[in-house]
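K.L.:
Sharing a structure here in structure tokens format.
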Amino acid sequence: QSGDLWFETPSGSGRWLSRLETVSLFSGDQPTRHTRPGVPNLFLPFGYFLEGGWIRGPRQAYQITDTLIDSWGVFWLGTWGLGVGRADLRDERLSFIPSGPICGNVTAIARDGDHIWLGGDDSYRARATGITRYNVADGAWDYFVAEDIVGLDDVRINTVLPDSADVWFGAREGLVRYTRSTDQWLTYRVLGGRPVDVTGLARDANRLWIGTAAGLAVFDLQADTLRSVDGSEQFSINGLAAGRQDIW
């Protein structure tokens with residue numbers, strides 16, 4: 001009624017002041033909270049089912065955080081990790097509306113034509129679980145979850161580099177490769193098989209240059225070989241750029 005929005009978070013309550021376009025911490029009387037309705041008998045997407053206050057999926061369980069029935073007889077369901085659920089109570093078929101990156105702690109982002117790739121890392125509240133791709137044209141979100149994909153072994157991402165054939169991800173324990181033509185993922189443990197923090201990526205015509213916390217490596221794309229660059233072990237590399245004749 002006031003035009004303000006009250007909200008609750010795991011660390012406390014607050015209020016969005018519409019007239020000032022600013023957020024203030026909670027003070028004064030809290031607004032009356034709506035009574036949370038129970039979850040009706042719903043038809044969930046294949047592989048998901050309700051169990052108490054949780055939605056059980058093929059590999060993971062998602063907590064139900066809030067529910068609401070609006071004036072049009074639409075049931076809304078909030079989850080922790082699965083997005084928003086929506087069901088018209090006339091047919092009771094629940095569908096999920098995921099939005100936003102799968103990882104709340106976004107650490108790397110790269111434009112790739114009509115798509116944007118987003119990688120993240122662990123945070124104090126949750127571990128990184130996957131990589132996100134956003135379609136700028138239609139607003140669709142695609143999620144690549146490590147537990148569901150063979151070859152995607154590390155999703156703690158430092159940097160992203162798309163090219164015409166692949167999308168490369170510098171991860172905390174190696175190099176991750178997504179091949180567009182086959183829709184396949186592969187993780188390389190660079191520098192002699194030791195887990196190495198990949199912090200920078202750069203491309204020239206035939207090679208991918210890989211900066212790590214323990215020196216420089218190079219991936220020969222034509223020969224499909226990966227090796228370390230002698231003498232680079234003394235450097236801890238934070239970023240890379242490829243010139244015509246040099247790597248910076």
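The chains in the structure tokens are called A, B, ... from first to last as shown; in each chain the residues are counted from 1, and the ligands are counted from 1 in the order shown.
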If we count only C-alpha atoms and set the cut-off at 9 Å, which residues sit around region 218-230 of chain A, ignoring sequence neighbours fewer than 3 positions away in its own chain? Please answer as a list in words.

P.N.:
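Counting only C-alpha atoms, the residues come to Tyr188, Val190, Leu191, Gly192, Asn206, Arg207, Leu208, Trp209, Ile210, Gly211, Gly215 and Glu233 of chain A.
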
K.L.:
Write out, as a tab-separated table (two decimals), in the first residue's frame, the residues just selected, with N, CA, C and O atoms.

P.N.:
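Resulting contents of again_30.tsv:
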chain	number	residue	atom	x	y	z
A	188	TYR	N	41.21	-30.92	-18.38
A	188	TYR	CA	42.63	-31.25	-18.46
A	188	TYR	C	43.30	-30.84	-17.15
A	188	TYR	O	43.12	-29.72	-16.68
A	190	VAL	N	46.51	-29.75	-16.03
A	190	VAL	CA	47.67	-29.26	-16.75
A	190	VAL	C	48.94	-29.39	-15.92
A	190	VAL	O	48.91	-29.60	-14.72
A	191	LEU	N	50.09	-29.25	-16.61
A	191	LEU	CA	51.42	-29.26	-16.01
A	191	LEU	C	51.71	-30.56	-15.26
A	191	LEU	O	51.76	-30.60	-14.03
A	192	GLY	N	51.86	-31.62	-16.02
A	192	GLY	CA	52.27	-32.89	-15.45
A	192	GLY	C	51.20	-33.58	-14.63
A	192	GLY	O	51.52	-34.42	-13.79
A	206	ASN	N	46.95	-21.16	-33.77
A	206	ASN	CA	46.96	-22.61	-33.61
A	206	ASN	C	47.12	-23.07	-32.17
A	206	ASN	O	47.15	-24.27	-31.92
A	207	ARG	N	47.25	-22.13	-31.23
A	207	ARG	CA	47.57	-22.53	-29.86
A	207	ARG	C	46.70	-21.79	-28.86
A	207	ARG	O	46.29	-20.66	-29.09
A	208	LEU	N	46.50	-22.46	-27.74
A	208	LEU	CA	45.87	-21.85	-26.58
A	208	LEU	C	46.94	-21.70	-25.51
A	208	LEU	O	47.57	-22.68	-25.11
A	209	TRP	N	47.16	-20.47	-25.08
A	209	TRP	CA	48.14	-20.19	-24.04
A	209	TRP	C	47.43	-20.16	-22.69
A	209	TRP	O	46.36	-19.56	-22.55
A	210	ILE	N	48.06	-20.80	-21.71
A	210	ILE	CA	47.41	-21.03	-20.42
A	210	ILE	C	48.30	-20.46	-19.32
A	210	ILE	O	49.42	-20.95	-19.08
A	211	GLY	N	47.81	-19.46	-18.64
A	211	GLY	CA	48.53	-18.91	-17.49
A	211	GLY	C	48.05	-19.56	-16.22
A	211	GLY	O	46.85	-19.75	-16.01
A	215	GLY	N	53.24	-20.86	-13.54
A	215	GLY	CA	53.90	-20.70	-14.82
A	215	GLY	C	52.96	-20.76	-16.02
A	215	GLY	O	51.73	-20.68	-15.89
A	233	GLU	N	58.32	-21.38	-14.74
A	233	GLU	CA	57.87	-21.83	-13.42
A	233	GLU	C	58.02	-20.76	-12.34
A	233	GLU	O	57.35	-20.80	-11.31

K.L.:
Residues of region 177-213 of chain A that approach region 150-160 of chain A to 8 Å or less, counting only C-alpha atoms: could you list each one with the shortest pair of atoms and its distance in Å to one decimal, rows by chain and increasing residue number, as CSV?

P.N.:
residue,atom,partner,partner_atom,distance
A:Gln184,CA,A:Gly151,CA,7.7
A:Trp185,CA,A:Gly151,CA,5.0
A:Leu186,CA,A:Gly151,CA,4.4
A:Thr187,CA,A:Gly151,CA,5.8
A:Val198,CA,A:Asn158,CA,7.0
A:Thr199,CA,A:Asn158,CA,5.7
A:Gly200,CA,A:Thr159,CA,6.3
A:Leu201,CA,A:Thr159,CA,7.2

K.L.:
Create the file for the chosen residues now, containing C-alpha atoms and written as an mmCIF file, in the first residue's frame.

P.N.:
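The resulting file, result-v6.cif, is reproduced below:
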data_model
loop_
_atom_site.group_PDB
_atom_site.id
_atom_site.type_symbol
_atom_site.label_atom_id
_atom_site.label_comp_id
_atom_site.auth_asym_id
_atom_site.auth_seq_id
_atom_site.Cartn_x
_atom_site.Cartn_y
_atom_site.Cartn_z
ATOM 1 C CA GLN A 184 30.975 -32.449 -24.920
ATOM 2 C CA TRP A 185 33.014 -31.383 -21.898
ATOM 3 C CA LEU A 186 36.581 -32.333 -20.998
ATOM 4 C CA THR A 187 38.826 -31.325 -18.106
ATOM 5 C CA VAL A 198 44.425 -21.657 -14.300
ATOM 6 C CA THR A 199 44.226 -17.870 -14.064
ATOM 7 C CA GLY A 200 44.568 -16.626 -17.656
ATOM 8 C CA LEU A 201 43.811 -17.744 -21.238
#

K.L.:
Would you mind listing what lies within 9 Å of Arg111 (chain A) as a PyMOL selection string, with only C-alpha atoms counted and same-chain residues fewer than 5 positions away left out?

P.N.:
chain A and resi 116-117+161-162

K.L.:
Keeping all heavy atoms for every residue in the selection just given, could you write it to a file as a short mmCIF file (atom, residue, chain, number, x, y, z; two decimals), in the first residue's frame?

P.N.:
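Printed below is out.cif as written:
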data_model
loop_
_atom_site.label_atom_id
_atom_site.label_comp_id
_atom_site.auth_asym_id
_atom_site.auth_seq_id
_atom_site.Cartn_x
_atom_site.Cartn_y
_atom_site.Cartn_z
N ILE A 116 26.06 -15.31 -23.29
CA ILE A 116 27.02 -14.87 -22.28
C ILE A 116 27.28 -16.06 -21.36
O ILE A 116 26.35 -16.68 -20.85
CB ILE A 116 26.48 -13.68 -21.46
CG1 ILE A 116 26.32 -12.45 -22.37
CG2 ILE A 116 27.42 -13.35 -20.31
CD1 ILE A 116 25.73 -11.25 -21.66
N TRP A 117 28.57 -16.38 -21.19
CA TRP A 117 28.97 -17.45 -20.28
C TRP A 117 29.32 -16.84 -18.93
O TRP A 117 30.00 -15.82 -18.86
CB TRP A 117 30.17 -18.20 -20.82
CG TRP A 117 29.88 -19.04 -22.03
CD1 TRP A 117 30.00 -18.66 -23.33
CD2 TRP A 117 29.44 -20.40 -22.05
NE1 TRP A 117 29.65 -19.69 -24.17
CE2 TRP A 117 29.30 -20.78 -23.41
CE3 TRP A 117 29.14 -21.33 -21.05
CZ2 TRP A 117 28.89 -22.05 -23.78
CZ3 TRP A 117 28.73 -22.60 -21.43
CH2 TRP A 117 28.60 -22.95 -22.78
N LEU A 161 37.13 -18.09 -22.09
CA LEU A 161 37.59 -17.64 -23.40
C LEU A 161 36.86 -18.44 -24.49
O LEU A 161 37.21 -19.60 -24.76
CB LEU A 161 39.10 -17.81 -23.54
CG LEU A 161 39.69 -17.40 -24.89
CD1 LEU A 161 39.52 -15.90 -25.13
CD2 LEU A 161 41.16 -17.79 -24.98
N PRO A 162 35.86 -17.89 -25.15
CA PRO A 162 35.21 -18.59 -26.27
C PRO A 162 36.00 -18.40 -27.56
O PRO A 162 36.60 -17.34 -27.80
CB PRO A 162 33.84 -17.90 -26.37
CG PRO A 162 33.71 -17.02 -25.17
CD PRO A 162 35.12 -16.68 -24.77
#

K.L.:
Within 12 Å of region 56-77 of chain A, which residues of region 101-207 of chain A come that close, and what is the closest atom pair and distance in Å for each? Count only C-alpha atoms and give it as CSV.

P.N.:
residue,atom,partner,partner_atom,distance
A:Thr129,CA,A:Gln60,CA,11.1
A:Val145,CA,A:Arg59,CA,10.5
A:Ala146,CA,A:Arg59,CA,11.1
A:Glu147,CA,A:Arg59,CA,7.8
A:Asp148,CA,A:Arg59,CA,8.1
A:Ile149,CA,A:Arg59,CA,11.9

K.L.:
Which is closest to Thr107 (chain A) among A:Ile131, A:Leu20, A:Ala126, A:Leu89, if we use only C-alpha atoms?

P.N.:
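Nearest to Thr107 (chain A): A:Ile131.
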
K.L.:
Give me, please, the distance in Å between CA of Leu42 (chain A) and CA of Leu82 (chain A), quoted to one decimal.

P.N.:
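Result for CA of Leu42 (chain A) versus CA of Leu82 (chain A): 16.2 Å, one decimal.
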
K.L.:
List the neighbours of Trp141 (chain A) out to 9 Å using only C-alpha atoms; skip same-chain residues closer than 4 positions along the sequence, and give me the result as a compact mmCIF listing (two decimals) with C-alpha atoms, in the first residue's frame.

P.N.:
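As written to disk, part.txt reads:
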# COMPACT_ATOMS: atom_id res chain seq x y z
CA PRO A 98 14.76 -20.69 -13.38
CA SER A 99 16.55 -17.39 -13.84
CA GLY A 100 19.94 -15.99 -13.04
CA PRO A 101 23.32 -17.69 -12.76
CA THR A 132 25.71 -20.82 -16.74
CA ARG A 133 24.98 -19.74 -20.34
CA TYR A 134 22.56 -16.87 -20.97
CA ASN A 135 20.93 -16.26 -24.36

K.L.:
From the list A:Leu118, A:Val136, A:Val106, A:Ala128, which residue is nearest Val167 (chain A) when using only C-alpha atoms?

P.N.:
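Using only C-alpha atoms, the shortest distance to Val167 (chain A) belongs to A:Leu118.
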
K.L.:
DSSP on the backbone: what in region 8-226 of chain A comes out strand (DSSP E), as a VMD selection string?

P.N.:
chain A and resid 8 to 9 12 to 17 22 to 25 49 to 51 54 to 56 61 to 69 74 to 79 84 to 88 93 to 97 106 to 112 115 to 120 130 to 135 141 to 145 157 to 162 166 to 171 174 to 179 184 to 188 198 to 203 207 to 212 215 to 220 225 to 226

K.L.:
Rank nothing, just name the residue among A:Asp197, A:Asp114, A:Pro40, A:Asp121 nearest to Asp138 (chain A), using only C-alpha atoms.

P.N.:
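Using only C-alpha atoms, the shortest distance to Asp138 (chain A) belongs to A:Asp114.
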